[in-house]
Each structure stands twice: as C-alpha cells, then as structure tokens.
>>> print(open('my_file_31.json').read())   # JSON, C-alpha atoms
[["chain", "number", "residue", "atom", "x", "y", "z"],
["L", 8, "MET", "CA", 33.70, 53.68, 37.72],
["L", 9, "THR", "CA", 30.48, 51.79, 37.05],
["L", 10, "LYS", "CA", 31.68, 49.09, 39.46],
["L", 11, "LYS", "CA", 31.81, 51.67, 42.30],
["L", 12, "ILE", "CA", 28.27, 52.80, 41.52],
["L", 13, "GLU", "CA", 27.11, 49.19, 41.48],
["L", 14, "GLU", "CA", 28.68, 48.67, 44.93],
["L", 15, "ILE", "CA", 26.95, 51.76, 46.33],
["L", 16, "VAL", "CA", 23.56, 50.77, 44.96],
["L", 17, "ARG", "CA", 23.88, 47.12, 46.03],
["L", 18, "LYS", "CA", 24.68, 48.23, 49.58],
["L", 19, "GLU", "CA", 21.87, 50.80, 49.74],
["L", 20, "ALA", "CA", 19.24, 48.64, 48.03],
["L", 21, "GLY", "CA", 19.74, 45.37, 49.82],
["L", 22, "GLU", "CA", 19.44, 41.94, 48.25],
["L", 23, "PRO", "CA", 15.74, 41.75, 47.27],
["L", 24, "ASP", "CA", 15.62, 45.19, 45.63],
["L", 25, "TRP", "CA", 18.95, 44.61, 43.90],
["L", 26, "ASN", "CA", 18.16, 41.08, 42.67],
["L", 27, "TYR", "CA", 14.54, 41.58, 41.69],
["L", 28, "HIS", "CA", 14.50, 45.14, 40.41],
["L", 29, "ILE", "CA", 17.77, 47.03, 39.94],
["L", 30, "ALA", "CA", 19.76, 44.20, 38.33],
["L", 31, "PRO", "CA", 16.93, 43.29, 35.89],
["L", 32, "VAL", "CA", 16.46, 46.96, 34.95],
["L", 33, "ARG", "CA", 20.18, 47.14, 34.18],
["L", 34, "LYS", "CA", 20.05, 43.92, 32.14],
["L", 35, "TYR", "CA", 17.07, 45.06, 30.07],
["L", 36, "ALA", "CA", 18.47, 48.57, 29.66],
["L", 37, "LEU", "CA", 21.78, 47.30, 28.28],
["L", 38, "ARG", "CA", 20.00, 44.89, 25.95],
["L", 39, "LEU", "CA", 17.80, 47.71, 24.61],
["L", 40, "ALA", "CA", 20.79, 50.07, 24.37],
["L", 41, "THR", "CA", 22.51, 47.56, 22.10],
["L", 42, "LYS", "CA", 19.38, 47.14, 19.98],
["L", 43, "TYR", "CA", 18.76, 50.90, 19.61],
["L", 44, "GLY", "CA", 22.37, 52.16, 19.48],
["L", 45, "ALA", "CA", 22.10, 54.22, 22.68],
["L", 46, "ASN", "CA", 24.94, 55.41, 24.90],
["L", 47, "LYS", "CA", 25.55, 52.32, 27.02],
["L", 48, "GLN", "CA", 27.39, 54.18, 29.76],
["L", 49, "VAL", "CA", 24.49, 56.59, 30.28],
["L", 50, "VAL", "CA", 21.95, 53.75, 30.15],
["L", 51, "GLU", "CA", 23.83, 51.52, 32.58],
["L", 52, "VAL", "CA", 24.57, 54.25, 35.13],
["L", 53, "ALA", "CA", 20.98, 55.53, 34.92],
["L", 54, "ALA", "CA", 19.64, 51.99, 35.37],
["L", 55, "LEU", "CA", 21.80, 51.50, 38.45],
["L", 56, "LEU", "CA", 20.83, 54.82, 40.02],
["L", 57, "HIS", "CA", 17.23, 55.26, 38.83],
["L", 58, "ASP", "CA", 15.66, 54.27, 42.16],
["L", 59, "ILE", "CA", 18.33, 55.54, 44.56],
["L", 60, "GLY", "CA", 15.91, 58.24, 45.75],
["L", 61, "ARG", "CA", 13.21, 55.67, 46.52],
["L", 62, "ILE", "CA", 15.71, 53.44, 48.28],
["L", 63, "LYS", "CA", 17.13, 56.21, 50.45],
["L", 64, "TYR", "CA", 14.18, 58.54, 50.98],
["L", 65, "GLY", "CA", 10.99, 56.67, 50.06],
["L", 66, "PRO", "CA", 8.77, 56.60, 46.98],
["L", 67, "LYS", "CA", 7.42, 60.17, 47.07],
["L", 68, "ASN", "CA", 9.10, 62.24, 44.31],
["L", 69, "HIS", "CA", 11.86, 59.65, 44.13],
["L", 70, "GLU", "CA", 12.77, 60.70, 40.61],
["L", 71, "GLU", "CA", 13.81, 64.11, 42.01],
["L", 72, "THR", "CA", 15.45, 62.90, 45.22],
["L", 73, "GLY", "CA", 17.15, 60.24, 43.13],
["L", 74, "ALA", "CA", 18.50, 62.76, 40.64],
["L", 75, "GLU", "CA", 19.97, 64.82, 43.48],
["L", 76, "GLU", "CA", 21.55, 61.77, 45.10],
["L", 77, "ALA", "CA", 22.85, 60.51, 41.75],
["L", 78, "LYS", "CA", 24.40, 63.90, 41.02],
["L", 79, "LYS", "CA", 26.44, 63.72, 44.24],
["L", 80, "ILE", "CA", 27.65, 60.22, 43.39],
["L", 81, "LEU", "CA", 28.52, 61.05, 39.78],
["L", 82, "ILE", "CA", 30.43, 64.18, 40.79],
["L", 83, "LYS", "CA", 32.31, 62.22, 43.46],
["L", 84, "TYR", "CA", 33.45, 59.70, 40.84],
["L", 85, "LYS", "CA", 34.35, 62.46, 38.37],
["L", 86, "TYR", "CA", 31.96, 61.67, 35.55],
["L", 87, "ASN", "CA", 31.98, 64.32, 32.83],
["L", 88, "GLN", "CA", 29.18, 66.87, 32.85],
["L", 89, "LYS", "CA", 27.51, 65.53, 29.68],
["L", 90, "ILE", "CA", 27.19, 62.04, 31.17],
["L", 91, "ILE", "CA", 25.91, 63.51, 34.46],
["L", 92, "ASP", "CA", 23.30, 65.63, 32.66],
["L", 93, "ASP", "CA", 22.13, 62.70, 30.54],
["L", 94, "VAL", "CA", 21.91, 60.31, 33.50],
["L", 95, "LEU", "CA", 20.01, 62.86, 35.61],
["L", 96, "TYR", "CA", 17.55, 63.43, 32.76],
["L", 97, "CYS", "CA", 16.95, 59.68, 32.52],
["L", 98, "ILE", "CA", 16.33, 59.43, 36.26],
["L", 99, "ARG", "CA", 14.00, 62.46, 36.33],
["L", 100, "SER", "CA", 11.92, 61.06, 33.46],
["L", 101, "HIS", "CA", 11.84, 57.36, 34.39],
["L", 102, "LYS", "CA", 8.37, 57.47, 35.95],
["L", 103, "GLY", "CA", 6.89, 59.06, 32.85],
["L", 104, "ALA", "CA", 3.88, 60.21, 34.83],
["L", 105, "ASP", "CA", 2.92, 63.84, 35.18],
["L", 106, "GLY", "CA", 6.54, 64.94, 35.41],
["L", 107, "VAL", "CA", 9.37, 64.97, 32.90],
["L", 108, "GLN", "CA", 8.70, 62.89, 29.78],
["L", 109, "PRO", "CA", 11.52, 60.87, 28.19],
["L", 110, "LYS", "CA", 12.71, 62.53, 24.99],
["L", 111, "THR", "CA", 16.09, 60.85, 24.43],
["L", 112, "ILE", "CA", 16.61, 57.23, 23.45],
["L", 113, "GLU", "CA", 18.51, 56.66, 26.72],
["L", 114, "ALA", "CA", 15.60, 58.00, 28.80],
["L", 115, "GLU", "CA", 13.13, 56.01, 26.71],
["L", 116, "ILE", "CA", 15.18, 52.87, 27.32],
["L", 117, "LEU", "CA", 15.26, 53.44, 31.07],
["L", 118, "ILE", "CA", 11.50, 53.89, 31.38],
["L", 119, "ASN", "CA", 10.97, 50.73, 29.29],
["L", 120, "ALA", "CA", 13.53, 48.68, 31.25],
["L", 121, "ASP", "CA", 12.03, 49.83, 34.56],
["L", 122, "ALA", "CA", 8.55, 48.70, 33.46],
["L", 123, "MET", "CA", 9.90, 45.44, 32.04],
["L", 124, "ALA", "CA", 11.43, 44.50, 35.39],
["L", 125, "HIS", "CA", 7.99, 44.70, 37.01],
["L", 126, "PHE", "CA", 6.78, 41.86, 34.79],
["L", 127, "ASN", "CA", 9.33, 39.52, 36.39],
["L", 128, "VAL", "CA", 8.22, 39.85, 39.98],
["L", 129, "LEU", "CA", 4.46, 39.42, 40.13],
["L", 130, "PRO", "CA", 4.54, 37.51, 43.44],
["L", 131, "LEU", "CA", 6.47, 40.33, 45.07],
["L", 132, "PHE", "CA", 3.65, 42.74, 44.26],
["L", 133, "PHE", "CA", 1.44, 40.81, 46.65],
["L", 134, "TYR", "CA", 3.85, 41.52, 49.49],
["L", 135, "ASP", "CA", 3.05, 44.76, 51.21],
["L", 136, "ARG", "CA", 4.86, 46.36, 54.09],
["L", 137, "ASP", "CA", 1.46, 47.33, 55.50],
["L", 138, "ALA", "CA", -0.29, 44.09, 56.39],
["L", 139, "ASN", "CA", -3.53, 46.02, 56.91],
["L", 140, "VAL", "CA", -4.01, 46.56, 53.18],
["L", 141, "PRO", "CA", -6.83, 44.26, 52.04],
["L", 142, "PHE", "CA", -5.89, 41.62, 49.50],
["L", 143, "ALA", "CA", -8.37, 42.96, 46.94],
["L", 144, "GLU", "CA", -6.62, 46.35, 47.07],
["L", 145, "ARG", "CA", -3.27, 44.67, 46.49],
["L", 146, "ILE", "CA", -4.67, 42.86, 43.45],
["L", 147, "ALA", "CA", -6.10, 46.13, 42.09],
["L", 148, "TRP", "CA", -2.73, 47.85, 42.64],
["L", 149, "VAL", "CA", -0.87, 45.06, 40.80],
["L", 150, "GLU", "CA", -3.31, 45.20, 37.91],
["L", 151, "LYS", "CA", -2.96, 48.98, 37.65],
["L", 152, "LYS", "CA", 0.86, 48.81, 37.83],
["L", 153, "ILE", "CA", 1.09, 46.13, 35.14],
["L", 154, "THR", "CA", -1.49, 47.77, 32.86],
["L", 155, "ASN", "CA", 0.19, 51.15, 33.23],
["L", 156, "GLY", "CA", 3.55, 49.60, 32.41],
["L", 157, "TRP", "CA", 2.17, 47.89, 29.32],
["L", 158, "LYS", "CA", 0.09, 50.79, 28.00],
["L", 159, "ARG", "CA", 2.22, 53.82, 28.94],
["L", 160, "LYS", "CA", 5.80, 52.78, 29.64],
["L", 161, "LEU", "CA", 6.55, 50.06, 27.11],
["L", 162, "THR", "CA", 6.93, 52.34, 24.13],
["L", 163, "LEU", "CA", 9.73, 50.52, 22.33],
["L", 164, "LYS", "CA", 8.79, 47.69, 19.98],
["L", 165, "GLU", "CA", 11.58, 45.47, 21.32],
["L", 166, "SER", "CA", 10.51, 45.89, 24.96],
["L", 167, "ARG", "CA", 6.93, 44.91, 24.12],
["L", 168, "LYS", "CA", 8.18, 41.91, 22.18],
["L", 169, "MET", "CA", 10.35, 40.81, 25.13],
["L", 170, "THR", "CA", 7.49, 41.25, 27.62],
["L", 171, "GLN", "CA", 4.34, 40.22, 25.76],
["L", 172, "GLU", "CA", 4.13, 36.62, 27.02],
["L", 173, "LYS", "CA", 4.68, 37.71, 30.62],
["L", 174, "TYR", "CA", 2.05, 40.43, 30.30],
["L", 175, "GLN", "CA", -0.51, 37.97, 28.95],
["L", 176, "ALA", "CA", 0.31, 35.45, 31.70],
["L", 177, "ILE", "CA", -0.02, 38.08, 34.43],
["L", 178, "LYS", "CA", -3.36, 39.25, 33.06],
["L", 179, "LEU", "CA", -4.58, 35.65, 33.05],
["L", 180, "ILE", "CA", -3.45, 35.10, 36.66],
["L", 181, "LEU", "CA", -5.07, 38.34, 37.82],
["L", 182, "LYS", "CA", -8.31, 37.45, 36.02],
["L", 183, "SER", "CA", -8.42, 34.03, 37.65],
["L", 184, "ILE", "CA", -7.81, 35.57, 41.09],
["L", 185, "LYS", "CA", -10.58, 38.12, 40.55],
["L", 186, "ASP", "CA", -12.93, 35.38, 39.32],
["L", 187, "LEU", "CA", -12.50, 33.60, 42.65],
["L", 188, "VAL", "CA", -13.93, 36.46, 44.69]]
>>> encode(input="my_file_31.json", output="structure tokens")
Amino acid sequence: MTKKIEEIVRKEAGEPDWNYHIAPVRKYALRLATKYGANKQVVEVAALLHDIGRIKYGPKNHEETGAEEAKKILIKYKYNQKIIDDVLYCIRSHKGADGVQPKTIEAEILINADAMAHFNVLPLFFYDRDANVPFAERIAWVEKKITNGWKRKLTLKESRKMTQEKYQAIKLILKSIKDLV
C-alpha cells in the first residue's frame, strides 16, 4: 500500500519536490524511527503525505489541507483507523508552529525529519517563484528557516547529531554572504 501512496505523491509533487524534499524526509524519518523504536508504517506514510496539502493547495494551512487530503487517500487504500489517526496527527503537527504540537514519537520524528531535509537544499532556498523578491530578503528568509529548524524543530538528539555539520556550514555561508553587503 505504501507503494501506491509513493506513486500518488511522486506524481503530485513533481521531480524537484520529490527528490529534494519528500524523499529525504522519508529517508530521515525511517532512520529516526529505527533509532527510536517508532511505528515505521505511520512514520513512512506521514513522511510521504506530510506536504500533500502544500503541493495541491499551496502553503497556507497546508498541515490542515494535507490532513484532509491524506485522509481521503488512506481511506481509499483501506488503512485501519488507528494508522489513519496517527498519520493525520503527524501531518497536523509537522509545522510545530502555533498549531498542533507533536506529542507522539512518530509526530516528533516527522517534524525533525522535515526540518532535517531543509539542511540539504540550501541553494534551492535562494530560488523564489517571485523574482521581485530582493536577494537580501531571500537570505533573511533562509536564515530564519534554518535557525527555526535548528532551534525549534530538531528536538531529537539523533537528528541534531545528523545535522550539526550542515547547520554550521550553512551558518558560515550565510554569514559570508551577509558580510559582502
């Protein structure tokens, strides 16, 4: 059944989003699930579907639109209600902002894996669909995203350990860019 979900997400996301975000989130989530003894099925399905709302409907409230879209998919493929509930909770809490906070190990893993994936794609953060956004604003946005990920989302010791060198390198790059202007 996971294969069907992967096919749906790959098709909806397109190659860049799949390769540079969804697939790494899945990889990190499964690695953390093994380390922390979490339900791998919940973690993998949540990782695959965590951004389906953003992909289909845009970034605004994508944790909610994503949960609704994921629910339809999971019901279609006859997942049991416990798995559906757990996956939807992970999706709803994966932003960790002012909304639902992760309180299960599976949800905690998803929010960590999502943040970890951002540390792999620094150059992509400089790409913006709106070419009118000044470069300095893009740099500030990247810095905020990375700092937020490090300080608020990377709550598991293993995720920090796996990401520390990348975080330090990104901070160094951002500092050198800011020093130029």
>>> atom_distance(input="my_file_31.json", atom1="atom CA of L:Gly73", atom2="atom CA of L:Ser100")
11.0 Å
>>> residues_around(input="my_file_31.json", residues="L:Asp93", least_positions_apart="4", cutoff="7 Å", atoms="all atoms listed in the file", output="ChimeraX atom specification")
/L:49,89,97
>>> closest_residue(input="my_file_31.json", among="L:Arg38, L:Lys63, L:Lys164, L:Lys178", to="L:Ile15", atoms="all atoms listed in the file")
L:Lys63
>>> axis_aligned_box(input="my_file_31.json", around="stretch 156-171 of chain L", padding_each_side="5 Å", output="JSON")
{"center_x": 5.8, "center_y": 47.0, "center_z": 26.2, "size_x": 21.5, "size_y": 23.6, "size_z": 22.4}
>>> closest_residue(input="my_file_31.json", among="L:Thr170, L:Ile29, L:Ile80, L:Leu181", to="L:Arg17", atoms="all atoms listed in the file")
L:Ile29
>>> residues_near_point(input="my_file_31.json", point="(2.3, 40.1, 33.9)", cutoff="8 Å", atoms="all atoms listed in the file", output="short mmCIF file (atom, residue, chain, number, x, y, z; two decimals) with C-alpha atoms, in the coordinates of the input")
data_model
loop_
_atom_site.label_atom_id
_atom_site.label_comp_id
_atom_site.auth_asym_id
_atom_site.auth_seq_id
_atom_site.Cartn_x
_atom_site.Cartn_y
_atom_site.Cartn_z
CA HIS L 125 7.99 44.70 37.01
CA PHE L 126 6.78 41.86 34.79
CA ASN L 127 9.33 39.52 36.39
CA LEU L 129 4.46 39.42 40.13
CA ILE L 153 1.09 46.13 35.14
CA GLU L 172 4.13 36.62 27.02
CA LYS L 173 4.68 37.71 30.62
CA TYR L 174 2.05 40.43 30.30
CA GLN L 175 -0.51 37.97 28.95
CA ALA L 176 0.31 35.45 31.70
CA ILE L 177 -0.02 38.08 34.43
CA LYS L 178 -3.36 39.25 33.06
#
>>> residues_around(input="my_file_31.json", residues="L:Arg99", least_positions_apart="6", cutoff="7 Å", atoms="all atoms listed in the file", output="short mmCIF file (atom, residue, chain, number, x, y, z; two decimals) with C-alpha atoms, keeping the file's coordinate frame")
data_model
loop_
_atom_site.label_atom_id
_atom_site.label_comp_id
_atom_site.auth_asym_id
_atom_site.auth_seq_id
_atom_site.Cartn_x
_atom_site.Cartn_y
_atom_site.Cartn_z
CA GLU L 70 12.77 60.70 40.61
CA GLU L 71 13.81 64.11 42.01
CA ALA L 74 18.50 62.76 40.64
CA VAL L 107 9.37 64.97 32.90
#
>>> residues_around(input="my_file_31.json", residues="stretch 24-26 of chain L", least_positions_apart="3", cutoff="12 Å", atoms="only C-alpha atoms", output="list in words")
Glu13, Glu14, Ile15, Val16, Arg17, Lys18, Glu19, Ala20, Gly21, Ile29, Ala30, Pro31, Val32, Arg33, Lys34, Ala54, Leu55, Leu56, His57, Asp58, Ile59, Arg61, Ile62, Ala124, His125, Asn127, Val128 and Leu131 of chain L
>>> atom_distance(input="my_file_31.json", atom1="atom CA of L:Met123", atom2="atom CA of L:Val50")
14.8 Å
>>> atom_distance(input="my_file_31.json", atom1="atom CA of L:Asn46", atom2="atom CA of L:Glu113")
6.8 Å
>>> residues_near_point(input="my_file_31.json", point="(26.0, 56.0, 25.9)", cutoff="12 Å", atoms="all atoms listed in the file", output="number ranges by chain")
L: 36-37, 39-41, 43-53, 89-91, 93-94, 97, 111-114, 116
>>> closest_residue(input="my_file_31.json", among="L:Leu117, L:Met8, L:Ala122, L:Ile98", to="L:Asn155", atoms="all atoms listed in the file")
L:Ala122
>>> closest_residue(input="my_file_31.json", among="L:Tyr86, L:Trp148, L:Tyr96, L:Tyr35", to="L:Arg167", atoms="all atoms listed in the file")
L:Tyr35
>>> closest_residue(input="my_file_31.json", among="L:Met169, L:Glu150, L:Thr162, L:His28", to="L:Lys182", atoms="only C-alpha atoms")
L:Glu150
